[in-house]
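Engineer: Dropping in final.cif, with mmCIF, C-alpha atoms.
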data_model
#
loop_
_atom_site.label_atom_id
_atom_site.label_comp_id
_atom_site.auth_asym_id
_atom_site.auth_seq_id
_atom_site.Cartn_x
_atom_site.Cartn_y
_atom_site.Cartn_z
CA MET A 112 -87.82 27.36 -0.19
CA PRO A 113 -90.50 28.81 2.14
CA ASP A 114 -89.50 31.54 4.55
CA THR A 115 -88.89 29.88 7.92
CA SER A 116 -89.99 33.03 9.69
CA ASP A 117 -93.49 32.36 8.37
CA THR A 118 -93.35 28.92 9.95
CA VAL A 119 -92.30 30.40 13.28
CA ALA A 120 -94.98 33.07 13.13
CA GLY A 121 -97.66 30.43 12.67
CA ALA A 122 -96.30 28.01 15.25
CA GLY A 123 -98.85 28.94 17.85
CA ARG A 124 -101.87 28.91 15.58
CA TRP A 125 -104.15 25.93 15.09
CA ARG A 126 -103.97 24.52 11.61
CA SER A 127 -106.34 22.13 9.92
CA PRO A 128 -104.86 18.65 9.44
CA LEU A 129 -105.91 18.97 5.80
CA ALA A 130 -103.94 22.23 5.33
CA GLY A 131 -101.04 22.00 2.93
CA LEU A 132 -102.23 18.68 1.52
CA TRP A 133 -100.22 19.01 -1.65
CA ALA A 134 -97.11 20.49 -0.03
CA PRO A 135 -94.09 18.21 -0.63
CA SER A 136 -92.20 16.79 2.31
CA ALA A 137 -89.32 18.88 3.58
CA GLY A 138 -85.85 17.38 3.75
CA ASP A 139 -86.20 16.09 7.31
CA LEU A 140 -89.65 14.63 6.62
CA LEU A 141 -88.23 12.97 3.53
CA ASN A 142 -85.68 11.32 5.80
CA VAL A 143 -88.38 10.22 8.26
CA SER A 144 -90.48 8.99 5.34
CA ALA A 145 -87.55 6.87 4.14
CA GLY A 146 -87.38 5.22 7.55
CA GLY A 147 -91.14 4.68 7.45
CA GLU A 148 -90.74 3.11 4.01
CA VAL A 149 -88.41 0.44 5.42
CA LEU A 150 -90.83 -0.25 8.26
CA THR A 151 -93.70 -0.44 5.77
CA ALA A 152 -91.76 -2.93 3.64
CA ARG A 153 -91.29 -5.20 6.66
CA ILE A 154 -94.94 -4.92 7.68
CA ARG A 155 -95.91 -5.68 4.08
CA LEU A 156 -93.94 -8.93 4.15
CA LEU A 157 -95.44 -9.85 7.52
CA MET A 158 -98.96 -9.38 6.17
CA ILE A 159 -98.16 -11.37 3.04
CA GLY A 160 -96.84 -14.15 5.27
CA LEU A 161 -100.17 -14.15 7.10
CA LEU A 162 -101.99 -14.31 3.75
CA PHE A 163 -100.34 -17.68 3.11
CA TRP A 164 -102.40 -19.10 5.96
CA ILE A 165 -105.71 -18.24 4.28
CA PRO A 166 -105.53 -21.02 1.65
CA VAL A 167 -104.19 -23.38 4.31
CA LEU A 168 -107.27 -22.75 6.45
CA GLU A 169 -109.47 -23.14 3.37
CA LEU A 170 -108.00 -26.60 2.77
CA PHE A 171 -108.74 -27.59 6.37
CA ALA A 172 -112.28 -26.29 5.89
CA GLY A 173 -112.74 -28.67 2.96
CA ASP A 174 -112.40 -26.25 0.05
CA ALA A 175 -111.11 -27.48 -3.30
CA TRP A 176 -107.36 -27.78 -3.82
CA SER A 177 -107.66 -25.62 -6.95
CA ASP A 178 -109.11 -22.74 -4.91
CA ALA A 179 -106.28 -23.05 -2.38
CA MET A 180 -103.69 -22.99 -5.18
CA VAL A 181 -105.11 -19.67 -6.36
CA GLY A 182 -104.55 -18.29 -2.88
CA PHE A 183 -101.00 -19.66 -2.74
CA THR A 184 -100.24 -18.17 -6.15
CA ILE A 185 -101.53 -14.72 -5.22
CA ALA A 186 -99.61 -14.77 -1.94
CA GLY A 187 -96.47 -16.00 -3.70
CA VAL A 188 -96.55 -13.22 -6.30
CA ALA A 189 -97.18 -10.67 -3.54
CA ALA A 190 -94.24 -12.08 -1.55
CA LEU A 191 -91.88 -11.64 -4.53
CA ILE A 192 -93.04 -8.06 -4.97
CA GLY A 193 -92.66 -7.44 -1.23
CA LEU A 194 -89.09 -8.80 -1.19
CA ALA A 195 -88.17 -6.64 -4.19
CA LEU A 196 -89.57 -3.52 -2.50
CA LEU A 197 -87.74 -4.31 0.75
CA TRP A 198 -84.48 -4.68 -1.17
CA LEU A 199 -85.08 -1.33 -2.90
CA VAL A 200 -85.87 0.73 0.21
CA SER A 201 -83.14 -0.95 2.28
CA ARG A 202 -80.57 0.60 -0.06
CA GLU A 203 -81.47 3.95 1.52
CA VAL A 204 -82.54 5.44 -1.77
CA LYS A 205 -84.35 8.69 -0.95
CA GLN A 206 -86.48 9.58 -3.94
CA TRP A 207 -89.76 11.45 -3.70
CA TRP A 208 -91.54 8.98 -5.99
CA ILE A 209 -90.77 5.80 -3.97
CA PRO A 210 -93.60 6.21 -1.40
CA PHE A 211 -96.07 6.94 -4.21
CA ALA A 212 -94.95 3.91 -6.21
CA THR A 213 -94.94 1.44 -3.31
CA SER A 214 -98.32 2.64 -2.04
CA ALA A 215 -99.79 2.29 -5.53
CA ILE A 216 -98.35 -1.23 -5.73
CA ASP A 217 -99.89 -2.17 -2.36
CA VAL A 218 -103.33 -1.06 -3.52
CA SER A 219 -102.95 -2.62 -6.97
CA ILE A 220 -101.97 -6.00 -5.51
CA VAL A 221 -105.37 -6.11 -3.77
CA SER A 222 -107.19 -4.94 -6.89
CA GLY A 223 -105.27 -7.45 -9.02
CA ALA A 224 -106.31 -10.29 -6.72
CA LEU A 225 -109.97 -9.25 -6.85
CA LEU A 226 -109.83 -8.87 -10.63
CA TYR A 227 -108.25 -12.31 -10.93
CA PHE A 228 -111.24 -13.89 -9.23
CA ALA A 229 -113.61 -11.94 -11.46
CA VAL A 230 -111.80 -13.07 -14.61
CA SER A 231 -111.46 -16.68 -13.45
CA GLY A 232 -115.18 -17.18 -13.00
CA ALA A 233 -115.64 -16.28 -9.32
CA PRO A 234 -117.36 -12.88 -9.45
CA ALA A 235 -118.86 -13.33 -5.99
CA VAL A 236 -115.36 -13.38 -4.49
CA ALA A 237 -114.41 -10.25 -6.45
CA VAL A 238 -117.36 -8.15 -5.28
CA ASN A 239 -118.18 -9.64 -1.86
CA SER A 240 -114.87 -10.89 -0.41
CA LYS A 241 -114.38 -9.47 3.05
CA ILE A 242 -110.79 -10.53 3.68
CA LEU A 243 -109.32 -9.27 0.39
CA PHE A 244 -111.33 -6.05 0.38
CA GLU A 245 -110.24 -5.17 3.93
CA VAL A 246 -106.59 -5.32 2.85
CA TYR A 247 -107.34 -2.01 1.10
CA PHE A 248 -107.67 -0.45 4.56
CA LEU A 249 -104.29 -1.88 5.60
CA ALA A 250 -102.70 -0.41 2.47
CA ILE A 251 -104.19 3.01 3.26
CA ALA A 252 -103.18 2.77 6.92
CA MET A 253 -99.57 1.98 6.01
CA THR A 254 -99.29 5.22 4.05
CA CYS A 255 -99.46 7.09 7.38
CA LEU A 256 -95.88 5.94 8.03
CA ARG A 257 -94.69 8.02 5.05
CA TYR A 258 -95.47 11.45 6.58
CA ASP A 259 -96.89 12.65 3.28
CA GLN A 260 -100.60 13.37 2.92
CA ARG A 261 -100.34 13.18 -0.86
CA VAL A 262 -99.35 9.51 -0.61
CA THR A 263 -102.39 8.73 1.53
CA ALA A 264 -104.66 10.60 -0.88
CA LEU A 265 -103.17 8.69 -3.81
CA ALA A 266 -103.61 5.29 -2.15
CA GLY A 267 -107.20 6.02 -1.10
CA GLY A 268 -108.18 7.48 -4.44
CA LEU A 269 -106.55 4.63 -6.33
CA ALA A 270 -108.28 2.04 -4.13
CA ILE A 271 -111.67 3.61 -4.87
CA ILE A 272 -111.05 3.86 -8.63
CA GLU A 273 -109.64 0.35 -8.96
CA TYR A 274 -112.41 -1.23 -6.90
CA LEU A 275 -115.02 0.56 -9.03
CA LEU A 276 -113.30 -0.90 -12.12
CA VAL A 277 -113.47 -4.38 -10.57
CA ILE A 278 -117.21 -3.94 -9.94
CA TRP A 279 -117.71 -2.56 -13.44
CA TRP A 280 -115.88 -5.49 -15.07
CA ALA A 281 -117.77 -8.07 -13.00
CA SER A 282 -121.15 -6.44 -13.64
CA THR A 283 -120.59 -6.24 -17.41
CA HIS A 284 -119.46 -9.86 -17.75
CA TYR A 285 -121.73 -11.62 -15.23
CA ASP A 286 -125.29 -11.44 -13.98
CA LEU A 287 -124.43 -10.45 -10.41
CA HIS A 288 -128.06 -11.03 -9.38
CA GLY A 289 -128.17 -14.45 -10.99
CA PRO A 290 -127.81 -17.93 -9.45
CA LEU A 291 -123.98 -18.01 -9.83
CA VAL A 292 -123.57 -15.26 -7.26
CA ALA A 293 -126.70 -15.97 -5.24
CA ALA A 294 -125.58 -19.55 -4.56
CA SER A 295 -122.15 -18.43 -3.43
CA THR A 296 -121.14 -18.56 0.21
CA TYR A 297 -120.02 -14.92 -0.15
CA GLY A 298 -123.61 -13.71 -0.20
CA ALA A 299 -125.85 -11.87 -2.65
CA PHE A 300 -124.71 -8.84 -4.58
CA THR A 301 -126.35 -5.51 -3.73
CA TRP A 302 -125.47 -2.04 -4.99
CA ASP A 303 -126.05 -0.42 -1.59
CA THR A 304 -123.42 -2.72 -0.06
CA GLN A 305 -120.94 -1.71 -2.76
CA ALA A 306 -121.76 1.97 -2.21
CA GLY A 307 -121.13 1.46 1.49
CA ARG A 308 -117.73 -0.04 0.71
CA ILE A 309 -116.77 2.94 -1.44
CA ILE A 310 -117.87 5.34 1.31
CA LEU A 311 -115.79 3.43 3.88
CA LEU A 312 -112.72 3.66 1.64
CA PHE A 313 -113.30 7.40 1.30
CA ILE A 314 -113.65 7.85 5.07
CA ALA A 315 -110.51 5.77 5.72
CA THR A 316 -108.61 8.00 3.28
CA LEU A 317 -109.78 11.19 5.01
CA LEU A 318 -108.84 9.79 8.42
CA GLY A 319 -105.43 8.80 7.09
CA ILE A 320 -104.84 12.28 5.66
CA ALA A 321 -105.85 13.87 8.97
CA ASN A 322 -103.56 11.54 10.94
CA VAL A 323 -100.60 12.30 8.68
CA GLY A 324 -101.22 16.04 8.98
CA ARG A 325 -101.33 15.75 12.76
CA ALA A 326 -98.17 13.62 12.84
CA ARG A 327 -96.32 16.10 10.62
CA ARG A 328 -97.29 18.97 12.92
CA LEU A 329 -96.19 17.11 16.06
CA HIS A 330 -92.92 16.22 14.34
CA GLU A 331 -92.31 19.88 13.51
CA LEU A 332 -92.98 20.94 17.10
CA SER A 333 -90.76 18.25 18.62
CA THR A 334 -87.78 18.84 16.34
CA SER A 335 -87.84 22.63 15.85
CA ASP A 336 -86.33 25.54 17.70
CA SER A 337 -89.21 27.84 18.62
CA LEU A 338 -87.29 31.06 17.94
CA THR A 339 -85.54 30.45 14.61
CA GLY A 340 -87.66 27.67 13.11
CA LEU A 341 -84.49 25.65 12.57
CA HIS A 342 -84.09 22.14 13.94
CA ASN A 343 -83.19 21.82 17.60
CA ARG A 344 -80.14 20.17 19.11
CA GLY A 345 -81.93 16.93 19.91
CA TYR A 346 -82.85 16.44 16.27
CA PHE A 347 -79.34 17.38 15.16
CA ASP A 348 -77.68 14.87 17.49
CA GLU A 349 -79.87 12.01 16.27
CA ARG A 350 -79.64 12.93 12.60
CA PHE A 351 -75.87 13.49 12.70
CA ARG A 352 -75.30 10.02 14.14
CA GLU A 353 -77.40 8.56 11.33
CA GLU A 354 -75.52 10.48 8.64
CA VAL A 355 -72.12 9.50 10.06
CA ILE A 356 -73.13 5.82 10.06
CA ARG A 357 -74.51 6.13 6.53
CA ALA A 358 -71.35 7.84 5.25
CA ARG A 359 -69.15 5.19 6.85
CA ARG A 360 -71.23 2.32 5.50
CA HIS A 361 -71.37 3.61 1.92
CA HIS A 362 -67.90 5.18 1.89
CA ARG A 363 -69.29 8.65 1.17
CA GLU A 364 -67.97 12.03 2.19
CA LEU A 365 -69.77 14.02 4.86
CA SER A 366 -69.12 17.54 6.14
CA VAL A 367 -70.28 19.30 9.29
CA ALA A 368 -69.94 22.99 10.08
CA MET A 369 -70.26 24.97 13.29
CA LEU A 370 -71.21 28.61 12.75
CA ASP A 371 -71.32 31.38 15.34
CA VAL A 372 -72.59 34.96 15.11
CA ASP A 373 -69.68 37.29 15.84
CA ARG A 374 -69.82 39.53 18.92
CA PHE A 375 -73.45 38.62 19.51
CA LYS A 376 -73.27 39.60 23.19
CA VAL A 377 -72.17 43.10 22.15
CA PHE A 378 -75.04 43.23 19.63
CA ASN A 379 -77.54 42.29 22.34
CA ASP A 380 -76.10 44.81 24.79
CA THR A 381 -76.28 47.54 22.14
CA TRP A 382 -79.64 46.91 20.53
CA GLY A 383 -81.47 44.77 23.11
CA HIS A 384 -82.39 41.12 23.30
CA SER A 385 -85.50 41.51 21.13
CA ALA A 386 -83.25 42.84 18.37
CA GLY A 387 -80.96 39.87 18.94
CA ASP A 388 -83.88 37.51 18.46
CA ILE A 389 -84.79 39.24 15.19
CA ALA A 390 -81.18 39.02 14.04
CA LEU A 391 -81.00 35.29 14.77
CA LYS A 392 -84.21 34.73 12.80
CA GLU A 393 -82.79 36.63 9.83
CA VAL A 394 -79.54 34.65 9.94
CA ALA A 395 -81.55 31.41 10.08
CA VAL A 396 -83.56 32.42 6.99
CA VAL A 397 -80.40 33.27 5.03
CA ILE A 398 -78.74 29.96 5.92
CA ARG A 399 -81.79 27.83 5.16
CA LYS A 400 -82.29 29.41 1.75
CA ALA A 401 -78.64 28.79 0.84
CA LEU A 402 -78.78 25.05 1.53
CA ARG A 403 -80.06 22.02 -0.34
CA GLN A 404 -83.15 20.19 0.78
CA THR A 405 -80.99 17.26 1.90
CA ASP A 406 -78.79 19.45 4.12
CA VAL A 407 -79.62 19.86 7.80
CA VAL A 408 -79.32 23.07 9.78
CA ALA A 409 -79.99 23.33 13.51
CA ARG A 410 -79.62 25.77 16.35
CA TYR A 411 -76.99 24.19 18.58
CA GLY A 412 -77.34 26.66 21.42
CA GLY A 413 -77.37 30.43 21.90
CA GLU A 414 -76.09 32.03 18.70
CA GLU A 415 -74.35 28.87 17.51
CA ILE A 416 -75.71 27.01 14.46
CA VAL A 417 -74.61 23.64 13.07
CA LEU A 418 -74.93 22.30 9.54
CA ILE A 419 -74.82 18.73 8.23
CA LEU A 420 -73.82 18.52 4.57
CA PRO A 421 -74.22 14.93 3.29
CA GLU A 422 -72.09 13.76 0.36
CA THR A 423 -70.14 17.03 0.43
CA PRO A 424 -66.31 17.10 0.25
CA PRO A 425 -64.43 19.60 2.45
CA GLU A 426 -63.61 22.06 -0.33
CA SER A 427 -67.28 22.24 -1.39
CA ALA A 428 -68.36 22.65 2.22
CA VAL A 429 -65.94 25.55 2.73
CA ARG A 430 -67.23 27.24 -0.45
CA LYS A 431 -70.81 26.83 0.74
CA LEU A 432 -69.99 28.33 4.16
CA GLU A 433 -68.11 31.20 2.48
CA HIS A 434 -71.24 31.89 0.44
CA ILE A 435 -73.35 31.91 3.61
CA ARG A 436 -70.81 34.17 5.36
CA ARG A 437 -71.04 36.72 2.54
CA LEU A 438 -74.85 36.57 2.50
CA VAL A 439 -75.02 37.30 6.23
CA ALA A 440 -72.51 40.15 5.94
CA ASP A 441 -74.55 41.67 3.10
CA MET A 442 -77.94 41.44 4.78
CA SER A 443 -79.69 44.22 6.61
CA VAL A 444 -81.47 43.57 9.91
CA PRO A 445 -85.03 45.00 10.10
CA LEU A 446 -85.71 46.07 13.68
CA VAL A 447 -88.98 47.46 14.99
CA ARG A 448 -88.20 51.15 14.38
CA ARG A 449 -85.16 51.04 12.11
CA THR A 450 -83.18 48.80 9.80
CA LEU A 451 -79.54 48.09 10.53
CA PRO A 452 -77.42 48.32 7.37
CA PRO A 453 -75.35 45.52 5.81
CA GLY A 454 -72.32 44.60 7.89
CA SER A 455 -74.22 44.85 11.17
CA LEU A 456 -73.75 41.14 11.67
CA THR A 457 -71.02 38.72 10.62
CA VAL A 458 -70.46 35.04 11.25
CA SER A 459 -67.47 32.74 11.70
CA ALA A 460 -67.48 29.04 10.91
CA GLY A 461 -65.39 25.91 11.26
CA VAL A 462 -65.72 22.96 8.90
CA ALA A 463 -64.80 19.30 9.41
CA SER A 464 -65.25 16.40 6.99
CA ALA A 465 -65.33 12.62 7.05
CA PRO A 466 -63.31 10.57 6.49
CA GLY A 467 -60.38 13.01 6.54
CA ASP A 468 -61.13 14.31 10.04
CA GLY A 469 -62.34 10.95 11.33
CA ASP A 470 -65.53 8.94 11.10
CA ASP A 471 -66.82 9.46 14.62
CA VAL A 472 -69.44 11.97 15.76
CA ASP A 473 -67.32 13.39 18.58
CA GLN A 474 -64.21 13.61 16.38
CA LEU A 475 -65.99 15.55 13.65
CA LEU A 476 -67.76 17.94 16.02
CA GLY A 477 -64.52 18.47 17.92
CA ARG A 478 -62.61 19.37 14.75
CA ALA A 479 -65.35 21.74 13.59
CA ASP A 480 -65.43 23.39 17.02
CA THR A 481 -61.63 23.79 17.00
CA ARG A 482 -61.72 25.45 13.58
CA LEU A 483 -64.53 27.76 14.68
CA PHE A 484 -62.30 28.82 17.57
CA ALA A 485 -59.46 29.40 15.09
CA ALA A 486 -61.74 31.57 12.92
CA LYS A 487 -62.51 33.72 15.96
CA GLN A 488 -58.81 34.00 16.83
CA MET A 489 -57.94 35.01 13.26
CA GLY A 490 -60.22 38.04 13.36
CA ARG A 491 -63.74 36.65 12.86
CA ASP A 492 -65.94 36.93 9.75
CA ARG A 493 -64.18 33.98 8.14
CA VAL A 494 -64.45 30.24 7.49
CA VAL A 495 -61.73 27.80 8.52
CA GLY A 496 -61.67 24.41 6.85
CA PRO A 497 -59.55 21.23 7.15
CA ASP A 498 -56.61 22.62 5.15
CA GLN A 499 -56.34 25.82 7.17
CA HIS A 500 -56.05 24.78 10.80
CA SER A 501 -55.49 21.62 12.82
CA GLY A 502 -54.73 22.99 16.26
CA LEU A 503 -55.84 21.77 19.67
CA ARG A 504 -59.42 22.11 20.79
CA PRO A 505 -59.87 25.18 23.05
CA SER A 506 -61.30 25.01 26.52
CA SER A 507 -64.83 26.32 26.99
CA ALA A 508 -63.46 29.28 28.97
CA GLU A 509 -61.05 30.22 26.15
CA PHE A 510 -63.78 29.98 23.55
CA ARG A 511 -66.25 32.04 25.56
CA ALA A 512 -63.64 34.71 26.25
CA ILE A 513 -63.06 35.21 22.54
CA VAL A 514 -66.75 35.09 21.65
CA ASP A 515 -67.66 37.71 24.24
CA SER A 516 -64.75 40.05 23.42
#
Do you think you could lay out the structure here as structure tokens?
Structural biologist:
Amino acid sequence: MPDTSDTVAGAGRWRSPLAGLWAPSAGDLLNVSAGGEVLTARIRLLMIGLLFWIPVLELFAGDAWSDAMVGFTIAGVAALIGLALLWLVSREVKQWWIPFATSAIDVSIVSGALLYFAVSGAPAVAVNSKILFEVYFLAIAMTCLRYDQRVTALAGGLAIIEYLLVIWWASTHYDLHGPLVAASTYGAFTWDTQAGRIILLFIATLLGIANVGRARRLHELSTSDSLTGLHNRGYFDERFREEVIRARRHHRELSVAMLDVDRFKVFNDTWGHSAGDIALKEVAVVIRKALRQTDVVARYGGEEIVLILPETPPESAVRKLEHIRRLVADMSVPLVRRTLPPGSLTVSAGVASAPGDGDDVDQLLGRADTRLFAAKQMGRDRVVGPDQHSGLRPSSAEFRAIVDS
């Protein structure tokens, strides 16, 4: 897991959209990519539906019924594949390989259609078709919804390689400069035209990679806390609602934790606010390293941090927060001119879980907040879970009085 402090340090610097091309998507980008995958699946079906009209228009233009049937067959096979992919991604399966696989399928459907025409005795369609070839660009453009530059690079590279194979097969089995192609309505075959097509595919791939890099950067800026590098409250609120709905729909357990740095006001008054900022950054690094990629951690406000732990029962969540509590207590805080020894900072946390504490966002946050208050009342530097406290939620004045004391 990369050090989030490095991310914060570089937040103000310009970065090339091609930087970090092969870096895998972080947990939040994986979640965004999954949403983009569903959108892509729907767009894919829409485009396939439009492809059905091509053979219909060809029939009205007087083309042979056999040629139209080829178009219907290709569109029908593509529709079956599209429906299968929509079913897969709608099940909210978040696997790193899904965007790669679906993008490769999109490109290969186009290549398969071109190769079919080459094999079936229509090489002019395979090497000069404008409509089918331009679907390559749609397949590359759709990869931008996945927030992963590697997917765009794969789709573009695969499109180039597969189209070169189509040209190679057609050129080795037909005389592309002969009367069969010359008499075709698709025009004469020229190598400079094919080279131009390859160059256009390459340029489209580079543009796609740059767009994804830019989108990733804007996403980071809009969802991150500038001080700690953690997610901000806006991102947490949206993501927590999604996770609660997902847990309810699939009958899965979900835990949320609210964590607060103990006596942080006293720490700031003693060492200064710049030292407090450094301390918060160090706490954020410790927490982020202790979590899974699928967990979410955000700065909720001030020195308060919230964690979303999907598919985590309450006892596991409490153990994880206890581990984080010990890590924070054992860390040293490097200030500008000195290093504060272990024990300089401690944290308290409250944990709530669905469905035991409810299946509503406000219910779960309220229970976690109540247990955080209980941890403060019980002496701080501790974690309170569902089995340890079920008291009333404190007023904001009561909570602030204990935090500041």
Engineer: Would you please work out which residue, of A:Ala250, A:Gly182, A:Val236, A:Trp198, is nearest to Leu170 in chain A when using all atoms listed in the file?
Structural biologist: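 Among the listed residues, A:Gly182 lies closest to Leu170 in chain A.
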Engineer: Env of Arg449 in chain A: 12 Å cut, atoms = all atoms listed in the file, seq-sep filter 4 positions within chain, self excluded. Answer as a list in words.
Structural biologist: Trp382, Ala386, Ser443, Val444 and Pro445 of chain A
Engineer: Calculated over all atoms listed in the file, which of the candidates A:His288, A:Lys487, A:Arg360, A:Arg308 has the smallest distance to Leu275 in chain A?
Structural biologist: A:Arg308
Engineer: On this structure, the PyMOL selection byres ((chain A and resi 480) around 9) would catch which residues? List them as a compact mmCIF listing (two decimals) with C-alpha atoms, in the coordinates of the input, sorted by chain and number.
Structural biologist:
# COMPACT_ATOMS: atom_id res chain seq x y z
CA ALA A 368 -69.94 22.99 10.08
CA MET A 369 -70.26 24.97 13.29
CA LEU A 370 -71.21 28.61 12.75
CA ALA A 460 -67.48 29.04 10.91
CA GLY A 461 -65.39 25.91 11.26
CA VAL A 462 -65.72 22.96 8.90
CA ALA A 463 -64.80 19.30 9.41
CA LEU A 475 -65.99 15.55 13.65
CA LEU A 476 -67.76 17.94 16.02
CA GLY A 477 -64.52 18.47 17.92
CA ARG A 478 -62.61 19.37 14.75
CA ALA A 479 -65.35 21.74 13.59
CA THR A 481 -61.63 23.79 17.00
CA ARG A 482 -61.72 25.45 13.58
CA LEU A 483 -64.53 27.76 14.68
CA PHE A 484 -62.30 28.82 17.57
CA ALA A 485 -59.46 29.40 15.09
CA ARG A 504 -59.42 22.11 20.79
CA PRO A 505 -59.87 25.18 23.05
Engineer: Write out as a compact mmCIF listing (two decimals) with C-alpha atoms, keeping the file's coordinate frame each polymer residue whose atoms come within 7 Å of Ala315 in chain A, counting all atoms listed in the file; drop sequence neighbours fewer than 4 positions from it.
Structural biologist:
# COMPACT_ATOMS: atom_id res chain seq x y z
CA PHE A 248 -107.67 -0.45 4.56
CA LEU A 311 -115.79 3.43 3.88
CA GLY A 319 -105.43 8.80 7.09
Engineer: Rounded to one decimal in Å, what is the spacing between CA of Trp302 in chain A and CA of Asn239 in chain A?
Structural biologist: 11.0 Å
Engineer: Do you know which residues are at most 7 Å from Thr254 in chain A counting only C-alpha atoms, after dropping those on the same chain fewer than 3 positions away, and could you put them as a ChimeraX atom specification?
Structural biologist: /A:214,250-251,257,262-263
Engineer: Take the point (-64.3, 21.3, -1.5) as written in the file and pick out every residue within 12 Å of it, counting only C-alpha atoms; give the list as a ChimeraX atom specification.
Structural biologist: /A:364-366,420,422-433,462-464,496-498
Engineer: What do you get, as a PDB file with C-alpha atoms, keeping the file's coordinate frame, if you spell out every residue that the PyMOL selection byres ((chain A and resi 150) around 12) selects here?
Structural biologist:
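out31.pdb written:
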ATOM      1  CA  VAL A 143     -88.380  10.220   8.260  1.00  0.00           C
ATOM      2  CA  SER A 144     -90.480   8.990   5.340  1.00  0.00           C
ATOM      3  CA  ALA A 145     -87.550   6.870   4.140  1.00  0.00           C
ATOM      4  CA  GLY A 146     -87.380   5.220   7.550  1.00  0.00           C
ATOM      5  CA  GLY A 147     -91.140   4.680   7.450  1.00  0.00           C
ATOM      6  CA  GLU A 148     -90.740   3.110   4.010  1.00  0.00           C
ATOM      7  CA  VAL A 149     -88.410   0.440   5.420  1.00  0.00           C
ATOM      8  CA  THR A 151     -93.700  -0.440   5.770  1.00  0.00           C
ATOM      9  CA  ALA A 152     -91.760  -2.930   3.640  1.00  0.00           C
ATOM     10  CA  ARG A 153     -91.290  -5.200   6.660  1.00  0.00           C
ATOM     11  CA  ILE A 154     -94.940  -4.920   7.680  1.00  0.00           C
ATOM     12  CA  ARG A 155     -95.910  -5.680   4.080  1.00  0.00           C
ATOM     13  CA  LEU A 156     -93.940  -8.930   4.150  1.00  0.00           C
ATOM     14  CA  LEU A 157     -95.440  -9.850   7.520  1.00  0.00           C
ATOM     15  CA  LEU A 196     -89.570  -3.520  -2.500  1.00  0.00           C
ATOM     16  CA  LEU A 197     -87.740  -4.310   0.750  1.00  0.00           C
ATOM     17  CA  VAL A 200     -85.870   0.730   0.210  1.00  0.00           C
ATOM     18  CA  SER A 201     -83.140  -0.950   2.280  1.00  0.00           C
ATOM     19  CA  PRO A 210     -93.600   6.210  -1.400  1.00  0.00           C
ATOM     20  CA  MET A 253     -99.570   1.980   6.010  1.00  0.00           C
ATOM     21  CA  THR A 254     -99.290   5.220   4.050  1.00  0.00           C
ATOM     22  CA  CYS A 255     -99.460   7.090   7.380  1.00  0.00           C
ATOM     23  CA  LEU A 256     -95.880   5.940   8.030  1.00  0.00           C
ATOM     24  CA  ARG A 257     -94.690   8.020   5.050  1.00  0.00           C
TER      25      ARG A 257
END
Engineer: Interatomic distance between CA of Ser455 in chain A and CA of Val396 in chain A?
Structural biologist: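 Separation between CA of Ser455 in chain A and CA of Val396 in chain A: 16.1 Å.
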Engineer: Written as a list in words, what is the full residue list that the PyMOL selection byres ((chain A and resi 490) around 12) yields on the file shown?
Structural biologist: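 Given this file, the PyMOL selection byres ((chain A and resi 490) around 12) evaluates to Asp373, Arg374, Thr457, Val458, Ser459, Ala460, Leu483, Phe484, Ala485, Ala486, Lys487, Gln488, Met489, Arg491, Asp492, Arg493, Val494, Val495, Ile513, Val514 and Ser516 of chain A.
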Engineer: Determine, counting only C-alpha atoms, every residue of protein, DNA or RNA that lies within 9 Å of (-101.9, -6.8, -5.2) in the file coordinates, then give the result as a list in words.
Structural biologist: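 Here is the list of nearby residues: Ile185, Ala186, Val188, Ala189, Ile192, Ile216, Asp217, Val218, Ser219, Ile220, Val221, Ser222, Gly223, Ala224 and Leu225 of chain A.
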Engineer: Please provide the set of residues having any atom within 9 Å of Ala281 in chain A, restricted to only C-alpha atoms, with same-chain residues fewer than 2 positions apart removed, written as a list in words.
Structural biologist: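 Contacts, with the query itself left out: Leu226, Ala229, Val230, Pro234, Ala235, Ala237, Val238, Leu276, Val277, Ile278, Trp279, Thr283, His284, Tyr285, Asp286 and Leu287 of chain A.
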Engineer: With only C-alpha atoms as the basis for distance, which of A:Ile242, A:Val355, A:Val372, A:Thr184 is at the shortest distance from Pro466 in chain A?
Structural biologist: A:Val355
Engineer: For CA of Arg325 in chain A and CA of Arg410 in chain A, determine how far apart the two atoms are, in Å to one decimal place.
Structural biologist: 24.2 Å
Engineer: Please determine, counting all atoms listed in the file, which residue among A:Pro290, A:Phe313, A:Thr301, A:Ile419 has the shortest atom-to-atom distance to Gln404 in chain A.
Structural biologist: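 The answer is A:Ile419, which sits nearest to Gln404 in chain A.
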Engineer: Between A:Trp208, A:Tyr411, A:Phe378, A:Tyr297, which residue has the minimum interatomic distance to Phe347 in chain A, considering all atoms listed in the file?
Structural biologist: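 The answer is A:Tyr411, which sits nearest to Phe347 in chain A.
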